[in-house]
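Worksheet: one structure, shown below.
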Amino acid sequence: MDKILHTLKFSEAGVRGIVGDSLTPQLTSSLASTFGKYTGSGRVIVARDTRNSGKMLEQAVIAGLLSVGCQPLILGIVPTPTVQLMVKHYNASGGIVITASHNPVEWNALKFIGPKGIFLDIMESTELFDVFTQGNLDYCSETDFKTIRYETNAFELHMQKIFNEINVEAIRKCKFKVAIDCCNGVGALYSKYFLEELGCKVVSIHDKPNGIFERPPEPLPKNLKKLSETVKENNCAIGFAQDPDGDRMTLVDDKGQALEPQFTIALAVEHVLYENPGPVVVNIQTSRAVEDIAKSYGCEVFYSKVGEINVVNMMMEYDSEIGGEGNCGGVIWRRLHPGRDSYVAMALMLEMLTLNNESVSDVCASIPKYFTISEKFSCSTFRAREIIREFNKRYQDYECITLDGLRINMPDGWVLLRGSNTEPVLRLTVESKKQQDAKKLLEDFSNEIKKIKI
Amino acid sequence: MRPTKLGSAGIRGVIGAGLTPENAIDFACAFGTFTNGGKVIVALDTRFSSEMLHQAVISGLQSCGCEVHDLGIAPAMLLSFAIPKLKADGALLIGGGHQKESWNSIVPWGTNGAYLNNIQIRELFDIYYGRRFLTAKWDKIKDIVPVPDNIQKQYFDALCKVIDTKAIAAAKFTAICDFCNGSGSIMEKEFASRLGLNLIPINNILSGILPHDPEPRPHSAFQVQSLIKPLKSDVGFVFNSDMSRVSLVSDTGETLSEEYAFPLGVNYLLGKSAKDGLRVISNTCTSKTLDDVVAQHNAVLDKHTTGQSSMIDYLEESNAFICGEGSGSFTSSDWLPCFDAFYMSAVILEAMALKQKTLSELLAELPRYHIVKKTINSSSMNAYNRIRMLKTHFTDAKISEIDGLRLDWDDGWVSLRTSTTEQFIRLISESKDKELAEDRSLKINALLENLG
């Protein structure tokens with residue numbers, strides 16, 4: 001099961017692959033041409049993260065876009081949420097972000113953003129891939145070529161838009177001391193500056209924007225030892241850990257304790273509902289703590305499939321202002337824009353800290369405590385589904401949600417089994433009120449998965 | 001008409017229909033594989049689609065692990081000059097050259113600064129057709145390196161060593177240069193200042209807008225021609241967009257056939273060297289003026305297949321002195337292994353300066369013929385057949401098949417060949433007698449129609 005079965009992955013999260021293996025410039029340029037044509041040969045925003053293969057793929061994307069008469073607007077290395085904002089800001093027909101987000105360094109991917117500044121949903125992606133498969137693209141002729149445009153100030157615009165929506169003065173007055181782990185990604189270029197603009201004294205680590213990740217790129221507690229130490233050594237009020245493309249964020253509290261990603265959305269929901277109660281949308285892999293917090297404000301929680309676009313679509317449906325993805329530390333604040341944004345998350349956290357004179361650990365102690373752990377099994381998408389079906393049969397006595405994979409709700413927690421959209425793996429996530437119970441659940445289910453032979 | 005053409009000048013095609021980002025990337029990957037992931041220089045011209053191909057080509061090369069040195073917008077000779085200077089393993093030049101609007105091309109160059117020769121080009125195409133390319137792992141992808149700005153200065157330093165710039169400067173020439181909005185104009189100021197020219201540039205905006213047919217021919221010289229007299233100019237140069245061809249306009253305002261650039265250069269350079277038995281390389285469809293000039297200087301003329309690649313390769317192989325073609329291009333063994341319109345212009349200017357003659361007077365030294373050039377649309381598979389069948393109709397002519405078909409009579413000749421860069425049959429007919437040249441071309445054109 002250690003072997004990676006195949007590395008190319010087409011999904012609503014974009015097209016991912018390993019550079020030097022499945023993700024080639026040829027494929028990249030064809031996809032870009034298809035996207036350019038699909039969105040009507042208009043202006044398309046192009047950006048990337050710090051990965052070594054980014055420039056190569058960016059050029060293939062530009063070539064593909066130019067060849068169908070698009071005008072590429074190049075932002076260079078910027079966070080993914082910046083691109084989403086810029087698509088709207090420039091009235092572009094769409095955007096392509098070259099980033100494999102939290103995937104390991106050898107991976108890269110194209111993520112497609114529609115004219116509204118949100119990722120293509122599953123219907124739109126399917127349509128795009130159909131056009132791609134049909135081939136026979138109608139390339140433009142010599143006289144219809146557009147020239148490339150550049151915008152080097154995109155993050156500045158993004159930052160100002162955030163500052164317009166939060167209490168910047170209150171944060172500046174507090175003069176927080178904070179630590180940031182940029183994971184050698186886009187954050188290395190902008191995060192220190194962003195926090196300093198908020199009046200913080202900033203200690204940054206992993207802050208060379210070279211795409212050589214000095215820690216595993218997923219911002220999970222086990223990968224944040226250095227950030228914890230940094231917070232402790234410097235007596236910081238809070239530590240922030242980003243993923244390489246700056247859409248996800250995890251926290252380290254003032255005691256140097258790395259928090260589960262679930263806390264990011266729980267705290268954001270707590271803070272936003274405190275001022276503006278309303279419906280909340282989170283994905284199925286989110287802690288029950290969010291439900292408990294919402295209940296305390298008399299608000300309802302709706303569950304969506306995993307994946308940013310699924311949460312976003314549901315947020316629009318229920319007109320919810322705050323939402324996100326618990327499992328990966330993704331906070332979506334629709335007042336700014338409908339997309340996961342680590343800079344929004346940072347700003348909300350700091351704003352929250354200005355309110356009640358409470359430390360991060362105090363706030364965490366005040367919200368319901370759950371323990372979430374997960375494990376992944378290398379497995380093809382097809383096999384993952386077979387395993388999930390088998391479990392669905394076996395656990396019919398429990399409340400089972402089959403919205404996305406299988407979530408088995410239990411009195412004190414839940415178990416979720418689902419195939420990843422981004423990698424050929426089956427993920428097992430369990431949550432419970434007690435750490436021991438969570439461990440036990442994980443062990444039991446993990447053994448059961450290993451025993452199944454399909 | 002088929003929209004793609006592969007050959008010694010690389011991959012050419014109609015943008016969108018024959019040349020797409022995908023096959024540009026494939027071609028770049030083939031070249032990256034051919035150089036074993038080496039150091040490759042890339043340059044482009046000003047056509048609208050060139051930037052697209054530029055991005056595609058760099059991406060492809062990087063995916064093979066190549067170290068890409070980007071020269072940006074630059075004419076062919078600067079690329080040729082840069083290859084050995086930077087010790088590169090090769091180069092790719094993106095540009096439409098002399099070809100019509102909507103065409104573009106990617107031309108591969110070897111380590112010696114010349115087009116790939118026959119053998120190399122075959123190896124490259126074998127890799128291209130096989131579509132199995134070298135792929136670098138993610139951490140072996142190399143950054144793009146800009147080519148140092150002083151490469152242009154170094155080029156002109158070298159040019160000034162082979163050209164008598166003092167004599168040219170002393171003559172205080174006024175020259176009108178038509179750059180066809182191509183890449184040559186990035187070097188116009190330095191060229192003028194080094195040679196002490198009063199250079200009047202026209203069509204020198206870096207743009208994909210073609211101000212006239214990009215092939216230097218009398219009919220593309222009318223803009224220069226109209227300025228010669230009002231500006232009291234000594235000479236007019238009409239360049240193609242990558243500066244590999246030139247046609248001349250004389251001080252009297254005559255738009256000369258592009259055929260005369262080469263014989264004028266040969267006449268001067270052979271005279272200057274004053275040695276017997278030097279070898280000159282040309283193709284089978286260049287004006288008889290050249291044959292006469294070479295004979296006057298007791299030199300030897302070898303005729304080979306058409307195309308820059310073949311010309312340069314034979315120049316090197318047979319230790320020849322000069323090679324060139326009637327399309328308005330030549331170079332000598334003292335200079336770069338590439339057709340360089342700055343060099344060619346400088347040679348003509350030096351001839352005018354040292355001989356103290358006007359261009360029209362230099363021209364008067366040459367025997368002149370009437371030449372008729374026609375392009376006949378034809379898919380090339382059919383074309384070979386039709387050309388071969390023509391042989392039976394001309395039993396009175398001497399026949400040569402070095403390149404296509406050449407028919408020689410005492411009073412003229414006709415050459416028929418398929419173009420190396422486009423889907424055409426090129427028909428050239430030459431004679432002392434204008435009517436005879438015209439008649440023969442019309443007769444053969446009609447015969448081809450019947451055979452088709």
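Identifiers for the structure tokens are assigned positionally: chains receive A, B, ... in sequence, residues are indexed from 1 per chain, and ligands are indexed from 1 in the order shown.
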
Near A:Pro115, within 12 Å and counting only C-alpha atoms, which residues show up once chain neighbours fewer than 6 positions away are dropped, as a PyMOL selection string?
chain A and resi 35-36+38-40+42-45+83-96+124

Where does DSSP see helix (DSSP H, G or I) in stretch 114-186 of chain A, if you list the residues as a ChimeraX atom specification?
/A:122-134,142-144,154-165,168-174

Include N, CA and C atoms and write out the residues we just selected as a compact mmCIF listing (two decimals), in the first residue's frame.
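Wrote it out as out29.txt, contents follow:
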```
# COMPACT_ATOMS: atom_id res chain seq x y z
N ILE A 122 -18.04 21.39 -8.95
CA ILE A 122 -17.86 20.08 -9.60
C ILE A 122 -18.50 20.05 -10.99
N MET A 123 -19.64 20.74 -11.16
CA MET A 123 -20.28 20.76 -12.47
C MET A 123 -19.40 21.49 -13.49
N GLU A 124 -18.90 22.65 -13.04
CA GLU A 124 -18.07 23.45 -13.96
C GLU A 124 -16.77 22.74 -14.30
N SER A 125 -16.16 22.11 -13.28
CA SER A 125 -14.90 21.38 -13.53
C SER A 125 -15.13 20.25 -14.51
N THR A 126 -16.25 19.54 -14.31
CA THR A 126 -16.55 18.42 -15.20
C THR A 126 -16.69 18.91 -16.63
N GLU A 127 -17.37 20.04 -16.76
CA GLU A 127 -17.56 20.62 -18.09
C GLU A 127 -16.21 21.00 -18.71
N LEU A 128 -15.36 21.62 -17.86
CA LEU A 128 -14.03 22.02 -18.33
C LEU A 128 -13.24 20.80 -18.82
N PHE A 129 -13.29 19.72 -18.05
CA PHE A 129 -12.53 18.53 -18.42
C PHE A 129 -13.12 17.87 -19.67
N ASP A 130 -14.43 18.00 -19.85
CA ASP A 130 -15.05 17.50 -21.08
C ASP A 130 -14.51 18.25 -22.29
N VAL A 131 -14.46 19.56 -22.17
CA VAL A 131 -13.93 20.38 -23.27
C VAL A 131 -12.48 19.98 -23.53
N PHE A 132 -11.74 19.76 -22.44
CA PHE A 132 -10.34 19.36 -22.54
C PHE A 132 -10.19 18.04 -23.29
N THR A 133 -11.06 17.10 -22.98
CA THR A 133 -10.97 15.76 -23.59
C THR A 133 -11.32 15.80 -25.06
N GLN A 134 -12.27 16.68 -25.42
CA GLN A 134 -12.69 16.75 -26.81
C GLN A 134 -11.58 17.24 -27.74
N GLU A 142 -2.92 34.78 -35.63
CA GLU A 142 -1.81 35.69 -35.33
C GLU A 142 -2.26 37.09 -34.92
N THR A 143 -3.25 37.63 -35.60
CA THR A 143 -3.63 39.03 -35.32
C THR A 143 -4.48 39.17 -34.07
N ASP A 144 -4.97 38.05 -33.50
CA ASP A 144 -5.84 38.15 -32.32
C ASP A 144 -5.08 37.96 -31.01
N ALA A 154 -0.58 43.24 -5.99
CA ALA A 154 -1.84 42.57 -5.68
C ALA A 154 -2.03 42.34 -4.19
N PHE A 155 -0.95 41.94 -3.49
CA PHE A 155 -1.15 41.65 -2.07
C PHE A 155 -1.53 42.90 -1.29
N GLU A 156 -0.93 44.02 -1.68
CA GLU A 156 -1.23 45.30 -1.03
C GLU A 156 -2.74 45.58 -1.08
N LEU A 157 -3.32 45.34 -2.26
CA LEU A 157 -4.77 45.53 -2.42
C LEU A 157 -5.55 44.60 -1.51
N HIS A 158 -5.10 43.35 -1.47
CA HIS A 158 -5.72 42.33 -0.64
C HIS A 158 -5.70 42.79 0.83
N MET A 159 -4.54 43.24 1.28
CA MET A 159 -4.37 43.65 2.67
C MET A 159 -5.30 44.82 3.01
N GLN A 160 -5.35 45.80 2.11
CA GLN A 160 -6.20 46.97 2.39
C GLN A 160 -7.67 46.56 2.50
N LYS A 161 -8.07 45.60 1.66
CA LYS A 161 -9.46 45.14 1.72
C LYS A 161 -9.76 44.49 3.07
N ILE A 162 -8.79 43.75 3.61
CA ILE A 162 -8.98 43.15 4.94
C ILE A 162 -9.05 44.25 6.00
N PHE A 163 -8.12 45.19 5.91
CA PHE A 163 -8.07 46.26 6.91
C PHE A 163 -9.35 47.10 6.94
N ASN A 164 -10.01 47.19 5.78
CA ASN A 164 -11.27 47.94 5.73
C ASN A 164 -12.36 47.27 6.56
N GLU A 165 -12.22 45.97 6.80
CA GLU A 165 -13.30 45.22 7.45
C GLU A 165 -13.04 44.90 8.91
N VAL A 168 -8.60 47.80 12.87
CA VAL A 168 -7.14 47.86 12.78
C VAL A 168 -6.56 48.65 13.96
N GLU A 169 -7.24 49.75 14.31
CA GLU A 169 -6.71 50.60 15.39
C GLU A 169 -6.60 49.84 16.70
N ALA A 170 -7.66 49.08 17.02
CA ALA A 170 -7.65 48.31 18.27
C ALA A 170 -6.49 47.33 18.30
N ILE A 171 -6.25 46.67 17.16
CA ILE A 171 -5.17 45.68 17.10
C ILE A 171 -3.81 46.39 17.25
N ARG A 172 -3.67 47.49 16.54
CA ARG A 172 -2.38 48.22 16.59
C ARG A 172 -2.04 48.66 18.01
N LYS A 173 -3.09 49.09 18.74
CA LYS A 173 -2.88 49.57 20.12
C LYS A 173 -2.29 48.48 21.00
N CYS A 174 -2.71 47.24 20.76
CA CYS A 174 -2.29 46.13 21.62
C CYS A 174 -0.82 45.76 21.45
```

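Atom to atom, atom CA of B:Ile106 and atom CA of B:Thr20 stand 11.4 Å apart.
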
Given the choices A:Pro25, A:Gly405, A:Gly413, A:Gly239, which gets closest to A:Gly64 if the distance is worked out from only C-alpha atoms?
A:Pro25

Would you compute the distance between atom CA of B:Ile200 and atom CA of B:Ile228? Give it in Å to one decimal.
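Separating atom CA of B:Ile200 from atom CA of B:Ile228 is a distance of 10.3 Å.
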
Can you measure atom CA of A:Gln436 to atom CA of A:Thr286 for me? One decimal in Å is fine.
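So the answer is 19.4 Å.
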
Please identify every residue of chain A that has at least one atom no more than 10 Å from any atom of chain B, counting only C-alpha atoms, and report them as a PyMOL selection string.
chain A and resi 18-21+23-30+33+51-69+105-108+137-148+211-212

So that I can check the surroundings of A:His271, please list as a short mmCIF file (atom, residue, chain, number, x, y, z; two decimals) with all heavy atoms, in the first residue's frame every protein, DNA and RNA residue that reaches within 10 Å of it, counting only C-alpha atoms and ignoring chain neighbours fewer than 6 positions away.
```cif
data_model
loop_
_atom_site.label_atom_id
_atom_site.label_comp_id
_atom_site.auth_asym_id
_atom_site.auth_seq_id
_atom_site.Cartn_x
_atom_site.Cartn_y
_atom_site.Cartn_z
N ILE A 265 -11.13 27.28 12.97
CA ILE A 265 -12.50 27.63 12.58
C ILE A 265 -13.38 27.84 13.82
O ILE A 265 -14.22 28.74 13.84
CB ILE A 265 -13.10 26.57 11.60
CG1 ILE A 265 -14.50 26.95 11.13
CG2 ILE A 265 -13.12 25.19 12.19
CD1 ILE A 265 -14.57 28.17 10.29
N PRO A 277 -24.45 37.31 14.85
CA PRO A 277 -24.99 35.95 14.83
C PRO A 277 -25.64 35.64 13.47
O PRO A 277 -26.22 36.55 12.86
CB PRO A 277 -26.04 35.94 15.94
CG PRO A 277 -25.80 37.17 16.73
CD PRO A 277 -25.13 38.17 15.84
N ILE A 322 -19.91 33.36 7.98
CA ILE A 322 -18.68 32.68 8.40
C ILE A 322 -18.82 31.18 8.16
O ILE A 322 -19.88 30.61 8.31
CB ILE A 322 -18.36 32.98 9.89
CG1 ILE A 322 -17.03 32.34 10.31
CG2 ILE A 322 -19.49 32.51 10.81
CD1 ILE A 322 -15.81 33.07 9.85
N LEU A 348 -8.75 38.12 12.13
CA LEU A 348 -9.86 37.83 13.04
C LEU A 348 -9.35 37.41 14.41
O LEU A 348 -9.87 37.83 15.45
CB LEU A 348 -10.76 36.74 12.45
CG LEU A 348 -11.65 37.13 11.26
CD1 LEU A 348 -12.39 35.91 10.73
CD2 LEU A 348 -12.64 38.22 11.65
N MET A 349 -8.30 36.55 14.43
CA MET A 349 -7.74 36.09 15.70
C MET A 349 -7.23 37.28 16.51
O MET A 349 -7.48 37.38 17.71
CB MET A 349 -6.58 35.11 15.46
CG MET A 349 -6.98 33.79 14.86
SD MET A 349 -8.19 32.91 15.83
CE MET A 349 -9.42 32.59 14.58
N GLU A 351 -8.06 40.41 16.23
CA GLU A 351 -9.17 41.27 16.63
C GLU A 351 -9.87 40.68 17.86
O GLU A 351 -10.23 41.39 18.79
CB GLU A 351 -10.16 41.42 15.47
CG GLU A 351 -11.14 42.56 15.67
CD GLU A 351 -12.16 42.64 14.54
OE1 GLU A 351 -12.81 41.62 14.25
OE2 GLU A 351 -12.30 43.72 13.94
N MET A 352 -9.99 39.35 17.86
CA MET A 352 -10.62 38.67 18.98
C MET A 352 -9.83 38.92 20.27
O MET A 352 -10.40 39.17 21.33
CB MET A 352 -10.69 37.17 18.68
CG MET A 352 -11.29 36.33 19.78
SD MET A 352 -11.26 34.58 19.32
CE MET A 352 -9.54 34.22 19.57
N LEU A 353 -8.49 38.88 20.14
CA LEU A 353 -7.66 39.04 21.33
C LEU A 353 -7.74 40.46 21.92
O LEU A 353 -7.42 40.66 23.08
CB LEU A 353 -6.20 38.70 21.00
CG LEU A 353 -5.89 37.23 20.70
CD1 LEU A 353 -4.42 37.04 20.41
CD2 LEU A 353 -6.32 36.33 21.85
N LEU A 355 -10.46 42.02 22.41
CA LEU A 355 -11.77 42.27 23.02
C LEU A 355 -11.83 42.11 24.54
O LEU A 355 -12.11 43.06 25.25
CB LEU A 355 -12.82 41.36 22.37
CG LEU A 355 -13.19 41.72 20.93
CD1 LEU A 355 -14.23 40.75 20.39
CD2 LEU A 355 -13.71 43.15 20.85
#
```

So that I can see what lies close to B:Gly196, please list as an MDAnalysis selection string the residues with an atom at most 7 Å from it, counting only C-alpha atoms and leaving out residues fewer than 3 positions away in the same chain.
chainID B and resid 168:169 172 192:193

May I have the residues from that selection written out with N, CA, C and O atoms, as a compact mmCIF listing (two decimals), in the first residue's frame?
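File selection_15.txt, as written:
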```
# COMPACT_ATOMS: atom_id res chain seq x y z
N ILE B 168 34.31 53.72 -43.82
CA ILE B 168 32.86 53.93 -43.97
C ILE B 168 32.45 55.25 -43.31
O ILE B 168 31.72 56.05 -43.89
N ALA B 169 32.98 55.48 -42.09
CA ALA B 169 32.64 56.70 -41.38
C ALA B 169 33.09 57.94 -42.15
O ALA B 169 32.37 58.95 -42.22
N LYS B 172 30.79 59.30 -44.80
CA LYS B 172 29.58 60.01 -44.34
C LYS B 172 28.32 59.62 -45.14
O LYS B 172 27.64 60.47 -45.72
N ALA B 192 24.64 52.28 -36.34
CA ALA B 192 24.87 53.59 -36.93
C ALA B 192 26.10 54.26 -36.32
O ALA B 192 26.95 54.80 -37.03
N SER B 193 26.23 54.19 -35.00
CA SER B 193 27.33 54.90 -34.36
C SER B 193 28.68 54.22 -34.65
O SER B 193 29.68 54.90 -34.87
```

Non-local contacts of B:Phe237 (8 Å; only C-alpha atoms; under 3 positions in same chain excluded) as a PyMOL selection string:
chain B and resi 175-178+224+246-249+345

Would you please give, as an MDAnalysis selection string, all residues of stretch 162-243 of chain B that DSSP assigns to strand (DSSP E or B) based on the backbone?
chainID B and resid 174:178 198:202 235:239

Export, as a PDB file, in the first residue's frame, the selected residues with C-alpha atoms.
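Generated file (again36.pdb):
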```
ATOM      1  CA  THR B 174      23.206  58.359 -45.438  1.00  0.00           C
ATOM      2  CA  ALA B 175      21.398  55.019 -45.327  1.00  0.00           C
ATOM      3  CA  ILE B 176      17.712  54.238 -44.991  1.00  0.00           C
ATOM      4  CA  CYS B 177      17.085  50.995 -43.119  1.00  0.00           C
ATOM      5  CA  ASP B 178      13.704  49.257 -43.200  1.00  0.00           C
ATOM      6  CA  ASN B 198      23.526  58.818 -40.876  1.00  0.00           C
ATOM      7  CA  LEU B 199      21.045  55.993 -40.435  1.00  0.00           C
ATOM      8  CA  ILE B 200      17.394  56.746 -41.067  1.00  0.00           C
ATOM      9  CA  PRO B 201      15.342  53.877 -39.654  1.00  0.00           C
ATOM     10  CA  ILE B 202      11.844  53.172 -40.921  1.00  0.00           C
ATOM     11  CA  VAL B 235      21.653  53.475 -50.147  1.00  0.00           C
ATOM     12  CA  GLY B 236      18.524  51.784 -48.807  1.00  0.00           C
ATOM     13  CA  PHE B 237      18.485  48.445 -46.967  1.00  0.00           C
ATOM     14  CA  VAL B 238      15.337  46.361 -46.653  1.00  0.00           C
ATOM     15  CA  PHE B 239      15.674  43.647 -43.992  1.00  0.00           C
TER      16      PHE B 239
END
```

Selection: 8 Å around A:Phe213, only C-alpha atoms, excl. self and same-chain fewer than 6 positions, as a list in words
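The residues satisfying every condition are Val105, Cys183, Asn184, Gly185 and His206 of chain A.
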
Near A:Leu416, counting only C-alpha atoms, which residues have an atom at most 6 Å away, once you skip same-chain residues fewer than 2 positions from it, shown as a list in words?
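Selected residues are Leu406, Arg407, Leu428 and Thr429 of chain A.
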
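Considering the residues B:Thr286, B:Arg417, B:Leu270, B:Asn377 and counting only C-alpha atoms, B:Asn298 has its shortest atom-to-atom contact with B:Leu270.
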
Would you please work out which residue, of A:Val425, A:Ile449, A:Ala47, A:Val430, is nearest to A:Glu390 when using only C-alpha atoms?
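For A:Glu390, the nearest of the candidates is A:Ile449.
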
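Shortest separation to B:Phe156 among B:Tyr343, B:Gln223, B:Gly130, B:Phe125 occurs at residue B:Tyr343, atoms counted being only C-alpha atoms.
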